[in-house]
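Shown below: protein-v4.cif, with mmCIF, C-alpha atoms.
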data_upload
loop_
_atom_site.group_PDB
_atom_site.id
_atom_site.type_symbol
_atom_site.label_atom_id
_atom_site.label_comp_id
_atom_site.auth_asym_id
_atom_site.auth_seq_id
_atom_site.Cartn_x
_atom_site.Cartn_y
_atom_site.Cartn_z
ATOM 1 C CA MET A 1 125.644 142.689 89.810
ATOM 2 C CA ASP A 2 125.232 138.990 89.102
ATOM 3 C CA ASN A 3 123.573 138.514 92.497
ATOM 4 C CA LEU A 4 121.147 141.320 91.719
ATOM 5 C CA ARG A 5 120.208 139.709 88.430
ATOM 6 C CA ASP A 6 119.672 136.306 90.081
ATOM 7 C CA THR A 7 117.485 137.703 92.885
ATOM 8 C CA PRO A 8 113.782 137.804 92.018
ATOM 9 C CA VAL A 9 112.389 141.336 92.417
ATOM 10 C CA VAL A 10 108.719 141.902 93.185
ATOM 11 C CA GLU A 11 107.394 144.474 90.717
ATOM 12 C CA ASP A 12 103.978 145.423 89.469
ATOM 13 C CA GLU A 13 103.241 148.331 87.164
ATOM 14 C CA ASN A 14 99.555 148.607 87.919
ATOM 15 C CA ILE A 15 99.139 147.559 91.527
ATOM 16 C CA SER A 16 101.369 148.716 94.344
ATOM 17 C CA ARG A 17 102.473 146.285 97.007
ATOM 18 C CA GLY A 18 100.114 147.849 99.538
ATOM 19 C CA ALA A 19 97.154 147.715 97.149
ATOM 20 C CA TRP A 20 97.884 144.101 96.269
ATOM 21 C CA GLY A 21 98.065 143.245 99.971
ATOM 22 C CA ALA A 22 94.632 144.771 100.555
ATOM 23 C CA VAL A 23 93.103 142.832 97.639
ATOM 24 C CA ALA A 24 94.766 139.597 98.785
ATOM 25 C CA SER A 25 93.526 140.110 102.340
ATOM 26 C CA CYS A 26 89.941 140.517 101.107
ATOM 27 C CA ARG A 27 90.184 137.384 98.978
ATOM 28 C CA LEU A 28 91.765 135.457 101.827
ATOM 29 C CA ALA A 29 88.999 136.530 104.212
ATOM 30 C CA LEU A 30 86.364 135.380 101.704
ATOM 31 C CA LEU A 31 88.130 132.063 101.138
ATOM 32 C CA LEU A 32 88.475 131.387 104.868
ATOM 33 C CA ALA A 33 84.820 132.265 105.434
ATOM 34 C CA VAL A 34 83.709 129.779 102.756
ATOM 35 C CA VAL A 35 85.939 126.995 104.074
ATOM 36 C CA LEU A 36 85.056 127.506 107.730
ATOM 37 C CA LEU A 37 81.338 127.641 106.942
ATOM 38 C CA GLY A 38 81.790 124.419 104.990
ATOM 39 C CA LEU A 39 83.444 122.803 108.013
ATOM 40 C CA ALA A 40 80.529 123.917 110.191
ATOM 41 C CA LEU A 41 78.100 122.404 107.668
ATOM 42 C CA LEU A 42 79.974 119.095 107.753
ATOM 43 C CA LEU A 43 79.563 118.919 111.513
ATOM 44 C CA THR A 44 75.886 119.874 111.701
ATOM 45 C CA VAL A 45 74.445 117.607 108.992
ATOM 46 C CA GLU A 46 73.948 113.850 109.310
ATOM 47 C CA TRP A 47 75.565 112.256 106.276
ATOM 48 C CA PRO A 48 74.443 108.751 105.190
ATOM 49 C CA SER A 49 77.018 106.034 104.649
ATOM 50 C CA TYR A 50 77.148 102.879 102.544
ATOM 51 C CA THR A 51 79.147 99.669 102.822
ATOM 52 C CA LEU A 52 80.760 98.235 99.709
ATOM 53 C CA HIS A 53 82.050 94.683 99.346
ATOM 54 C CA LEU A 54 84.707 94.419 96.645
ATOM 55 C CA ILE A 55 87.216 91.939 95.330
ATOM 56 C CA ALA A 56 90.654 93.516 94.886
ATOM 57 C CA LEU A 57 93.724 91.512 93.853
ATOM 58 C CA GLN A 58 91.744 88.288 94.368
ATOM 59 C CA SER A 59 90.978 89.096 98.014
ATOM 60 C CA PRO A 60 87.786 90.485 99.615
ATOM 61 C CA LEU A 61 87.743 94.150 100.539
ATOM 62 C CA THR A 62 85.062 95.885 102.598
ATOM 63 C CA ALA A 63 84.843 99.674 102.508
ATOM 64 C CA THR A 64 82.410 102.007 104.254
ATOM 65 C CA ILE A 65 81.780 105.124 102.212
ATOM 66 C CA SER A 66 80.042 108.158 103.670
ATOM 67 C CA LEU A 67 78.705 111.108 101.701
ATOM 68 C CA VAL A 68 80.795 113.293 103.966
ATOM 69 C CA TRP A 69 83.874 112.298 101.938
ATOM 70 C CA PRO A 70 82.730 114.056 98.731
ATOM 71 C CA MET A 71 81.990 117.132 100.841
ATOM 72 C CA ILE A 72 85.478 117.051 102.328
ATOM 73 C CA GLY A 73 86.814 116.710 98.786
ATOM 74 C CA LEU A 74 84.838 119.777 97.694
ATOM 75 C CA LEU A 75 86.193 121.789 100.623
ATOM 76 C CA THR A 76 89.715 120.687 99.791
ATOM 77 C CA ALA A 77 89.237 121.600 96.124
ATOM 78 C CA ALA A 78 87.814 124.990 97.115
ATOM 79 C CA MET A 79 90.876 125.676 99.246
ATOM 80 C CA ALA A 80 93.221 124.585 96.436
ATOM 81 C CA LEU A 81 91.511 126.797 93.846
ATOM 82 C CA GLY A 82 91.273 129.722 96.246
ATOM 83 C CA ALA A 83 94.928 129.437 97.212
ATOM 84 C CA ALA A 84 95.930 129.197 93.545
ATOM 85 C CA THR A 85 93.988 132.370 92.747
ATOM 86 C CA ILE A 86 95.448 134.324 95.656
ATOM 87 C CA PHE A 87 99.040 133.192 95.136
ATOM 88 C CA HIS A 88 98.860 133.644 91.369
ATOM 89 C CA GLN A 89 98.034 137.340 91.782
ATOM 90 C CA HIS A 90 101.198 137.994 93.781
ATOM 91 C CA PRO A 91 103.668 140.031 91.694
ATOM 92 C CA ALA A 92 106.471 137.582 92.542
ATOM 93 C CA MET A 93 104.577 134.747 90.833
ATOM 94 C CA ARG A 94 104.419 136.456 87.427
ATOM 95 C CA GLY A 95 106.273 134.345 84.882
ATOM 96 C CA GLN A 96 106.900 131.492 87.329
ATOM 97 C CA PRO A 97 106.385 127.840 86.249
ATOM 98 C CA VAL A 98 103.004 126.267 86.956
ATOM 99 C CA LEU A 99 104.572 123.806 89.411
ATOM 100 C CA ASN A 100 105.917 126.749 91.393
ATOM 101 C CA LEU A 101 102.281 127.598 92.090
ATOM 102 C CA VAL A 102 101.113 124.006 92.564
ATOM 103 C CA ALA A 103 103.758 123.463 95.244
ATOM 104 C CA LEU A 104 102.025 126.061 97.430
ATOM 105 C CA TRP A 105 98.745 124.118 97.619
ATOM 106 C CA PRO A 106 99.587 121.135 99.867
ATOM 107 C CA LEU A 107 99.860 122.892 103.237
ATOM 108 C CA PRO A 108 96.499 124.725 103.217
ATOM 109 C CA THR A 109 94.592 121.925 101.459
ATOM 110 C CA LEU A 110 95.916 119.168 103.721
ATOM 111 C CA THR A 111 95.219 121.374 106.747
ATOM 112 C CA VAL A 112 91.565 121.685 105.724
ATOM 113 C CA SER A 113 91.260 117.938 105.116
ATOM 114 C CA LEU A 114 92.876 117.130 108.465
ATOM 115 C CA ALA A 115 90.604 119.568 110.301
ATOM 116 C CA ALA A 116 87.539 117.947 108.738
ATOM 117 C CA LEU A 117 88.756 114.455 109.653
ATOM 118 C CA LEU A 118 89.594 115.352 113.253
ATOM 119 C CA LEU A 119 86.448 117.375 113.893
ATOM 120 C CA GLN A 120 84.331 114.458 112.648
ATOM 121 C CA ARG A 121 85.613 112.489 115.652
ATOM 122 C CA THR A 122 84.449 115.040 118.234
ATOM 123 C CA ALA A 123 80.982 115.160 119.762
ATOM 124 C CA SER A 124 81.234 118.407 121.742
ATOM 125 C CA GLY A 125 79.951 121.685 120.376
ATOM 126 C CA ALA A 126 82.648 123.589 122.243
ATOM 127 C CA LEU A 127 85.343 121.444 120.647
ATOM 128 C CA TRP A 128 83.800 121.981 117.233
ATOM 129 C CA ALA A 129 83.794 125.750 117.666
ATOM 130 C CA GLY A 130 87.336 125.752 119.037
ATOM 131 C CA GLY A 131 88.544 123.465 116.269
ATOM 132 C CA ILE A 132 87.021 125.602 113.523
ATOM 133 C CA ALA A 133 88.494 128.767 115.055
ATOM 134 C CA THR A 134 91.918 127.111 115.388
ATOM 135 C CA THR A 135 91.741 125.966 111.760
ATOM 136 C CA GLY A 136 90.973 129.495 110.633
ATOM 137 C CA LEU A 137 93.889 130.958 112.596
ATOM 138 C CA LEU A 138 96.256 128.275 111.312
ATOM 139 C CA LEU A 139 95.223 128.835 107.684
ATOM 140 C CA TYR A 140 95.639 132.578 108.088
ATOM 141 C CA ALA A 141 99.125 132.055 109.544
ATOM 142 C CA LEU A 142 100.051 129.748 106.634
ATOM 143 C CA PHE A 143 99.042 132.328 104.050
ATOM 144 C CA ARG A 144 100.851 135.135 105.857
ATOM 145 C CA LEU A 145 104.030 133.065 106.033
ATOM 146 C CA GLU A 146 103.800 132.281 102.327
ATOM 147 C CA TYR A 147 103.274 135.975 101.582
ATOM 148 C CA ARG A 148 106.391 136.845 103.555
ATOM 149 C CA LEU A 149 108.477 134.299 101.662
ATOM 150 C CA MET A 150 107.202 135.675 98.353
ATOM 151 C CA ASP A 151 107.980 139.253 99.377
ATOM 152 C CA ARG A 152 111.556 138.469 100.408
ATOM 153 C CA PRO A 153 114.441 137.168 98.286
ATOM 154 C CA ALA A 154 115.440 133.570 98.985
ATOM 155 C CA GLY A 155 117.170 133.155 102.335
ATOM 156 C CA GLU A 156 116.148 136.529 103.791
ATOM 157 C CA SER A 157 113.313 135.188 105.960
ATOM 158 C CA PRO A 158 114.610 131.961 107.509
ATOM 159 C CA TRP A 159 112.162 132.008 110.426
ATOM 160 C CA ALA A 160 109.164 131.995 108.051
ATOM 161 C CA GLU A 161 110.560 129.061 106.084
ATOM 162 C CA TRP A 162 111.444 127.252 109.316
ATOM 163 C CA SER A 163 107.898 127.776 110.636
ATOM 164 C CA LEU A 164 106.385 126.347 107.449
ATOM 165 C CA HIS A 165 108.687 123.337 107.626
ATOM 166 C CA VAL A 166 107.672 122.659 111.241
ATOM 167 C CA LEU A 167 103.987 122.864 110.292
ATOM 168 C CA ALA A 168 104.585 120.519 107.355
ATOM 169 C CA TYR A 169 106.290 117.914 109.544
ATOM 170 C CA LEU A 170 103.525 118.170 112.160
ATOM 171 C CA LEU A 171 100.935 117.654 109.425
ATOM 172 C CA ALA A 172 102.870 114.659 108.126
ATOM 173 C CA LEU A 173 103.120 113.092 111.591
ATOM 174 C CA THR A 174 99.412 113.568 112.281
ATOM 175 C CA TYR A 175 98.378 112.036 108.961
ATOM 176 C CA PHE A 176 100.817 109.144 109.332
ATOM 177 C CA VAL A 177 99.563 108.296 112.828
ATOM 178 C CA LEU A 178 95.891 108.548 111.843
ATOM 179 C CA ILE A 179 96.243 106.432 108.715
ATOM 180 C CA TYR A 180 98.438 103.837 110.393
ATOM 181 C CA ARG A 181 96.112 103.686 113.405
ATOM 182 C CA VAL A 182 93.140 102.578 111.286
ATOM 183 C CA ARG A 183 95.114 99.527 110.094
ATOM 184 C CA LEU A 184 93.701 99.639 106.598
ATOM 185 C CA ARG A 185 94.701 97.176 103.935
ATOM 186 C CA THR A 186 97.937 98.084 102.162
ATOM 187 C CA LEU A 187 95.881 98.661 99.016
ATOM 188 C CA LEU A 188 94.309 101.661 100.787
ATOM 189 C CA SER A 189 96.836 102.814 103.384
ATOM 190 C CA ALA A 190 99.934 102.854 101.147
ATOM 191 C CA PRO A 191 98.397 105.173 98.479
ATOM 192 C CA ALA A 192 97.110 107.473 101.231
ATOM 193 C CA ILE A 193 100.546 107.744 102.863
ATOM 194 C CA MET A 194 102.184 108.087 99.452
ATOM 195 C CA THR A 195 99.868 110.954 98.450
ATOM 196 C CA VAL A 196 100.310 112.899 101.682
ATOM 197 C CA GLY A 197 104.071 112.372 101.725
ATOM 198 C CA GLY A 198 104.500 113.277 98.056
ATOM 199 C CA LEU A 199 102.478 116.491 98.342
ATOM 200 C CA LEU A 200 104.284 117.652 101.470
ATOM 201 C CA ALA A 201 107.633 116.732 99.902
ATOM 202 C CA MET A 202 106.788 118.961 96.940
ATOM 203 C CA ARG A 203 106.243 121.909 99.299
ATOM 204 C CA LEU A 204 109.346 121.226 101.388
ATOM 205 C CA LEU A 205 111.498 121.052 98.258
ATOM 206 C CA HIS A 206 109.887 124.211 96.882
ATOM 207 C CA SER A 207 112.494 126.636 98.257
ATOM 208 C CA VAL A 208 115.336 124.586 96.746
ATOM 209 C CA VAL A 209 114.003 124.662 93.181
ATOM 210 C CA SER A 210 111.961 127.887 93.258
ATOM 211 C CA VAL A 211 113.666 129.309 90.186
ATOM 212 C CA PRO A 212 111.967 129.507 86.776
ATOM 213 C CA SER A 213 113.715 126.451 85.383
ATOM 214 C CA LYS A 214 111.884 123.477 83.890
ATOM 215 C CA THR A 215 114.869 121.265 84.595
ATOM 216 C CA GLY A 216 114.926 122.251 88.269
ATOM 217 C CA TRP A 217 111.208 121.631 88.668
ATOM 218 C CA ARG A 218 111.438 118.312 86.888
ATOM 219 C CA ARG A 219 114.119 117.206 89.340
ATOM 220 C CA GLY A 220 112.141 118.484 92.320
ATOM 221 C CA SER A 221 108.911 116.785 91.261
ATOM 222 C CA MET A 222 110.740 113.521 90.598
ATOM 223 C CA CYS A 223 112.292 113.695 94.078
ATOM 224 C CA ALA A 224 108.851 114.321 95.626
ATOM 225 C CA LEU A 225 107.416 111.358 93.703
ATOM 226 C CA ALA A 226 110.297 109.130 94.819
ATOM 227 C CA ILE A 227 109.778 110.144 98.452
ATOM 228 C CA GLY A 228 106.069 109.371 98.199
ATOM 229 C CA LEU A 229 106.767 105.949 96.683
ATOM 230 C CA THR A 230 109.327 105.234 99.417
ATOM 231 C CA LEU A 231 106.771 106.047 102.110
ATOM 232 C CA GLY A 232 104.220 103.808 100.386
ATOM 233 C CA GLU A 233 106.682 100.905 100.360
ATOM 234 C CA THR A 234 107.527 101.566 104.019
ATOM 235 C CA THR A 235 103.822 101.489 104.875
ATOM 236 C CA TRP A 236 103.470 98.136 103.127
ATOM 237 C CA ALA A 237 106.246 96.741 105.341
ATOM 238 C CA LEU A 238 104.903 98.354 108.529
ATOM 239 C CA ASN A 239 101.482 96.803 108.013
ATOM 240 C CA TYR A 240 103.075 93.492 109.036
ATOM 241 C CA TRP A 241 104.463 95.084 112.213
ATOM 242 C CA PRO A 242 102.187 94.844 115.280
ATOM 243 C CA GLY A 243 103.536 98.050 116.809
ATOM 244 C CA ARG A 244 101.574 100.940 118.232
ATOM 245 C CA SER A 245 100.168 103.584 115.899
ATOM 246 C CA ILE A 246 102.272 106.395 117.341
ATOM 247 C CA ALA A 247 105.445 104.343 116.860
ATOM 248 C CA GLY A 248 104.495 103.573 113.254
ATOM 249 C CA GLY A 249 103.702 107.222 112.578
ATOM 250 C CA VAL A 250 106.976 108.426 114.082
ATOM 251 C CA LEU A 251 108.927 105.832 112.098
ATOM 252 C CA LEU A 252 107.259 107.021 108.874
ATOM 253 C CA LEU A 253 108.087 110.606 109.844
ATOM 254 C CA LEU A 254 111.754 109.692 110.369
ATOM 255 C CA VAL A 255 111.864 108.088 106.917
ATOM 256 C CA PHE A 256 110.191 111.182 105.494
ATOM 257 C CA TYR A 257 112.644 113.514 107.243
ATOM 258 C CA VAL A 258 115.728 111.597 106.114
ATOM 259 C CA PHE A 259 114.696 111.452 102.461
ATOM 260 C CA ILE A 260 113.596 115.092 102.427
ATOM 261 C CA GLY A 261 117.002 116.074 103.783
ATOM 262 C CA LEU A 262 118.863 113.926 101.271
ATOM 263 C CA ALA A 263 116.760 115.306 98.403
ATOM 264 C CA ARG A 264 117.341 118.909 99.486
ATOM 265 C CA ARG A 265 121.086 118.359 99.744
ATOM 266 C CA GLY A 266 121.148 116.671 96.361
ATOM 267 C CA LEU A 267 119.177 119.458 94.699
ATOM 268 C CA GLU A 268 121.487 122.024 96.269
ATOM 269 C CA GLY A 269 124.426 120.228 94.690
ATOM 270 C CA GLY A 270 126.215 118.576 97.592
ATOM 271 C CA LEU A 271 126.007 116.074 100.428
ATOM 272 C CA PRO A 272 128.579 116.931 103.126
ATOM 273 C CA ARG A 273 129.697 114.477 105.781
ATOM 274 C CA SER A 274 127.854 116.393 108.497
ATOM 275 C CA ALA A 275 124.583 115.782 106.657
ATOM 276 C CA LEU A 276 125.355 112.076 106.274
ATOM 277 C CA LEU A 277 126.090 111.913 110.009
ATOM 278 C CA GLU A 278 122.841 113.685 110.867
ATOM 279 C CA TYR A 279 120.670 111.426 108.743
ATOM 280 C CA GLY A 280 122.597 108.356 109.888
ATOM 281 C CA VAL A 281 121.793 109.225 113.498
ATOM 282 C CA VAL A 282 118.125 109.710 112.605
ATOM 283 C CA ALA A 283 118.080 106.332 110.828
ATOM 284 C CA LEU A 284 119.585 104.692 113.914
ATOM 285 C CA LEU A 285 116.915 106.313 116.079
ATOM 286 C CA GLY A 286 114.286 104.858 113.789
ATOM 287 C CA LEU A 287 115.875 101.423 114.018
ATOM 288 C CA GLY A 288 115.982 101.718 117.798
ATOM 289 C CA LEU A 289 112.303 102.670 117.823
ATOM 290 C CA LEU A 290 111.482 99.647 115.708
ATOM 291 C CA ILE A 291 113.426 97.337 118.038
ATOM 292 C CA ARG A 292 112.041 98.880 121.210
ATOM 293 C CA PHE A 293 108.366 98.770 120.250
ATOM 294 C CA GLY A 294 108.412 95.914 117.726
#
For this file, write the structure as structure tokens.
Amino acid sequence: MDNLRDTPVVEDENISRGAWGAVASCRLALLLAVVLLGLALLLTVEWPSYTLHLIALQSPLTATISLVWPMIGLLTAAMALGAATIFHQHPAMRGQPVLNLVALWPLPTLTVSLAALLLQRTASGALWAGGIATTGLLLYALFRLEYRLMDRPAGESPWAEWSLHVLAYLLALTYFVLIYRVRLRTLLSAPAIMTVGGLLAMRLLHSVVSVPSKTGWRRGSMCALAIGLTLGETTWALNYWPGRSIAGGVLLLLVFYVFIGLARRGLEGGLPRSALLEYGVVALLGLGLLIRFG
């Protein structure tokens, strides 16, 4: 009986599960249409850019700002608001803390931002069309996986959670490599890595603290913030390392993976020796990568 009381049950007095699914599918189709049309607009319009010369921390800083960045921000905000609306209407989200909803934003929003950044680098119309179509399919898959996790009690759909974790780590690796490849000043690259890492950490820790408890969410958000700060500090150190971008990105991913694992184990209430061995091996792999390509 205790297990039944602890397991969240999806109920809705006015809308059946099938009816809610139909409404959510319509809203999702509309959201994807808006975002994909926005991506197409980004690729077909010539956006002017401006160069700014600043003094930051008593050192010169040159930044090129294009009007495409505000447009990417609007697309990202549209995805965040659309995802919040769709997820909020799910019967399982009734009475859940606000952060429980916020934690579901990072994957779709960062996917849209990454698609916009990557497609800006292509010059082929076929690649643009294929990239937009792939983005749409990936976003649809993300939402369907989230729906499945909401419809099932915790632990009853491990493949869906595993798939989301794989997508999150792939997103993290891609962002880390791209940001590290540009070789920006630490003043710019560290906050970017910290933001991406912190947002993805919030989603990856979501299943551990997805109970309506303010204390649990406070601990989860603090862990996500600590992981983001750790990645920012690691980026600051890596900026002095003349290694290849892929090596730097993989090293950041290893740091991200280790701290996510430690945070999950800590939030679950234990850190067994097997986990310490696993993360120790990963840390040694990272050290070997640093030595090999440093």
When you look at range 244-246 of chain A with a cut-off of 9 Å (counting only C-alpha atoms), what residues show up, excluding the ones that are within fewer than 2 positions of it in the same chain? I need them as a PDB file with C-alpha atoms, in the frame of the given file.
ATOM      1  CA  LEU A 173     103.120 113.092 111.591  1.00  0.00           C
ATOM      2  CA  PHE A 176     100.817 109.144 109.332  1.00  0.00           C
ATOM      3  CA  VAL A 177      99.563 108.296 112.828  1.00  0.00           C
ATOM      4  CA  LEU A 178      95.891 108.548 111.843  1.00  0.00           C
ATOM      5  CA  ILE A 179      96.243 106.432 108.715  1.00  0.00           C
ATOM      6  CA  TYR A 180      98.438 103.837 110.393  1.00  0.00           C
ATOM      7  CA  ARG A 181      96.112 103.686 113.405  1.00  0.00           C
ATOM      8  CA  VAL A 182      93.140 102.578 111.286  1.00  0.00           C
ATOM      9  CA  ARG A 183      95.114  99.527 110.094  1.00  0.00           C
ATOM     10  CA  TRP A 241     104.463  95.084 112.213  1.00  0.00           C
ATOM     11  CA  PRO A 242     102.187  94.844 115.280  1.00  0.00           C
ATOM     12  CA  GLY A 248     104.495 103.573 113.254  1.00  0.00           C
ATOM     13  CA  GLY A 249     103.702 107.222 112.578  1.00  0.00           C
ATOM     14  CA  VAL A 250     106.976 108.426 114.082  1.00  0.00           C
ATOM     15  CA  LEU A 251     108.927 105.832 112.098  1.00  0.00           C
ATOM     16  CA  PHE A 293     108.366  98.770 120.250  1.00  0.00           C
ATOM     17  CA  GLY A 294     108.412  95.914 117.726  1.00  0.00           C
TER      18      GLY A 294
END
Using the chain letters and numbers from the file, give me the residues hit by the PyMOL selection byres ((chain A and resi 109-123) around 9), as a PDB file with C-alpha atoms, in the frame of the given file.
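Result file part.pdb:
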ATOM      1  CA  VAL A  35      85.939 126.995 104.074  1.00  0.00           C
ATOM      2  CA  LEU A  36      85.056 127.506 107.730  1.00  0.00           C
ATOM      3  CA  LEU A  39      83.444 122.803 108.013  1.00  0.00           C
ATOM      4  CA  LEU A  42      79.974 119.095 107.753  1.00  0.00           C
ATOM      5  CA  LEU A  43      79.563 118.919 111.513  1.00  0.00           C
ATOM      6  CA  ILE A  72      85.478 117.051 102.328  1.00  0.00           C
ATOM      7  CA  GLY A  73      86.814 116.710  98.786  1.00  0.00           C
ATOM      8  CA  LEU A  75      86.193 121.789 100.623  1.00  0.00           C
ATOM      9  CA  THR A  76      89.715 120.687  99.791  1.00  0.00           C
ATOM     10  CA  ALA A  77      89.237 121.600  96.124  1.00  0.00           C
ATOM     11  CA  ALA A  78      87.814 124.990  97.115  1.00  0.00           C
ATOM     12  CA  MET A  79      90.876 125.676  99.246  1.00  0.00           C
ATOM     13  CA  ALA A  80      93.221 124.585  96.436  1.00  0.00           C
ATOM     14  CA  ALA A  83      94.928 129.437  97.212  1.00  0.00           C
ATOM     15  CA  TRP A 105      98.745 124.118  97.619  1.00  0.00           C
ATOM     16  CA  PRO A 106      99.587 121.135  99.867  1.00  0.00           C
ATOM     17  CA  LEU A 107      99.860 122.892 103.237  1.00  0.00           C
ATOM     18  CA  PRO A 108      96.499 124.725 103.217  1.00  0.00           C
ATOM     19  CA  SER A 124      81.234 118.407 121.742  1.00  0.00           C
ATOM     20  CA  GLY A 125      79.951 121.685 120.376  1.00  0.00           C
ATOM     21  CA  ALA A 126      82.648 123.589 122.243  1.00  0.00           C
ATOM     22  CA  LEU A 127      85.343 121.444 120.647  1.00  0.00           C
ATOM     23  CA  TRP A 128      83.800 121.981 117.233  1.00  0.00           C
ATOM     24  CA  GLY A 131      88.544 123.465 116.269  1.00  0.00           C
ATOM     25  CA  ILE A 132      87.021 125.602 113.523  1.00  0.00           C
ATOM     26  CA  THR A 135      91.741 125.966 111.760  1.00  0.00           C
ATOM     27  CA  LEU A 138      96.256 128.275 111.312  1.00  0.00           C
ATOM     28  CA  LEU A 139      95.223 128.835 107.684  1.00  0.00           C
ATOM     29  CA  LEU A 171     100.935 117.654 109.425  1.00  0.00           C
ATOM     30  CA  THR A 174      99.412 113.568 112.281  1.00  0.00           C
ATOM     31  CA  TYR A 175      98.378 112.036 108.961  1.00  0.00           C
ATOM     32  CA  VAL A 196     100.310 112.899 101.682  1.00  0.00           C
ATOM     33  CA  LEU A 199     102.478 116.491  98.342  1.00  0.00           C
ATOM     34  CA  LEU A 200     104.284 117.652 101.470  1.00  0.00           C
TER      35      LEU A 200
END
With all atoms listed in the file as the basis for distance, which of A:Leu238, A:Ser274, A:Ile227, A:Leu205 is at the shortest distance from Val258 in chain A?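 Closest candidate: A:Ile227.
In this model, the gap between CA of Glu161 in chain A and CA of Tyr140 in chain A comes to 15.5 Å.
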Between A:Val282, A:Leu277, A:Leu142, A:Ala224, single out the one closest to Arg203 in chain A, counting only C-alpha atoms. A:Ala224
Separating CA of Leu145 in chain A from CA of Ala168 in chain A, to the nearest tenth of an Å, is a gap of 12.6 Å
Would you compute an axis-aligned box for range 186-204 of chain A, covering every atom listed for it in the file with 5 Å of margin on each side, and report centre and edge lengths in Å to one decimal as AutoDock Vina command-line options?
--center_x 101.8 --center_y 110.0 --center_z 100.2 --size_x 25.0 --size_y 33.8 --size_z 16.4
Applying 12 Å and only C-alpha atoms, which residues near Leu276 in chain A remain after dropping the ones on its own chain fewer than 2 positions away? List them as a list of chain:residue names.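 My reading of the contact set: A:Val258, A:Phe259, A:Gly261, A:Leu262, A:Arg265, A:Gly266, A:Gly270, A:Leu271, A:Pro272, A:Arg273, A:Ser274, A:Glu278, A:Tyr279, A:Gly280, A:Val281, A:Val282, A:Ala283.
CA of Pro158 in chain A is found 27.2 Å from CA of Leu31 in chain A.
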I'd like to know which of A:Pro70, A:Gly269, A:Gly136, A:Gly228 is closest to Ala190 in chain A, using all atoms listed in the file. A:Gly228
When you count only C-alpha atoms, which of these residues is closest to Pro91 in chain A: A:Leu170, A:Ala24, A:Val68, A:Leu204?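 That would be A:Ala24, the residue with the smallest distance to Pro91 in chain A.
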Nearest residue to Leu137 in chain A out of A:Thr230, A:Leu187, A:Ala237, A:Leu28, using only C-alpha atoms?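 Looking only at the distances to Leu137 in chain A, the closest residue turns out to be A:Leu28.
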Shortest interatomic distance to Leu231 in chain A - which of A:Ala92, A:Ala201, A:Ala160, A:Val45, counting all atoms listed in the file: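 Residue with the minimum atom-to-atom distance to Leu231 in chain A: A:Ala201.
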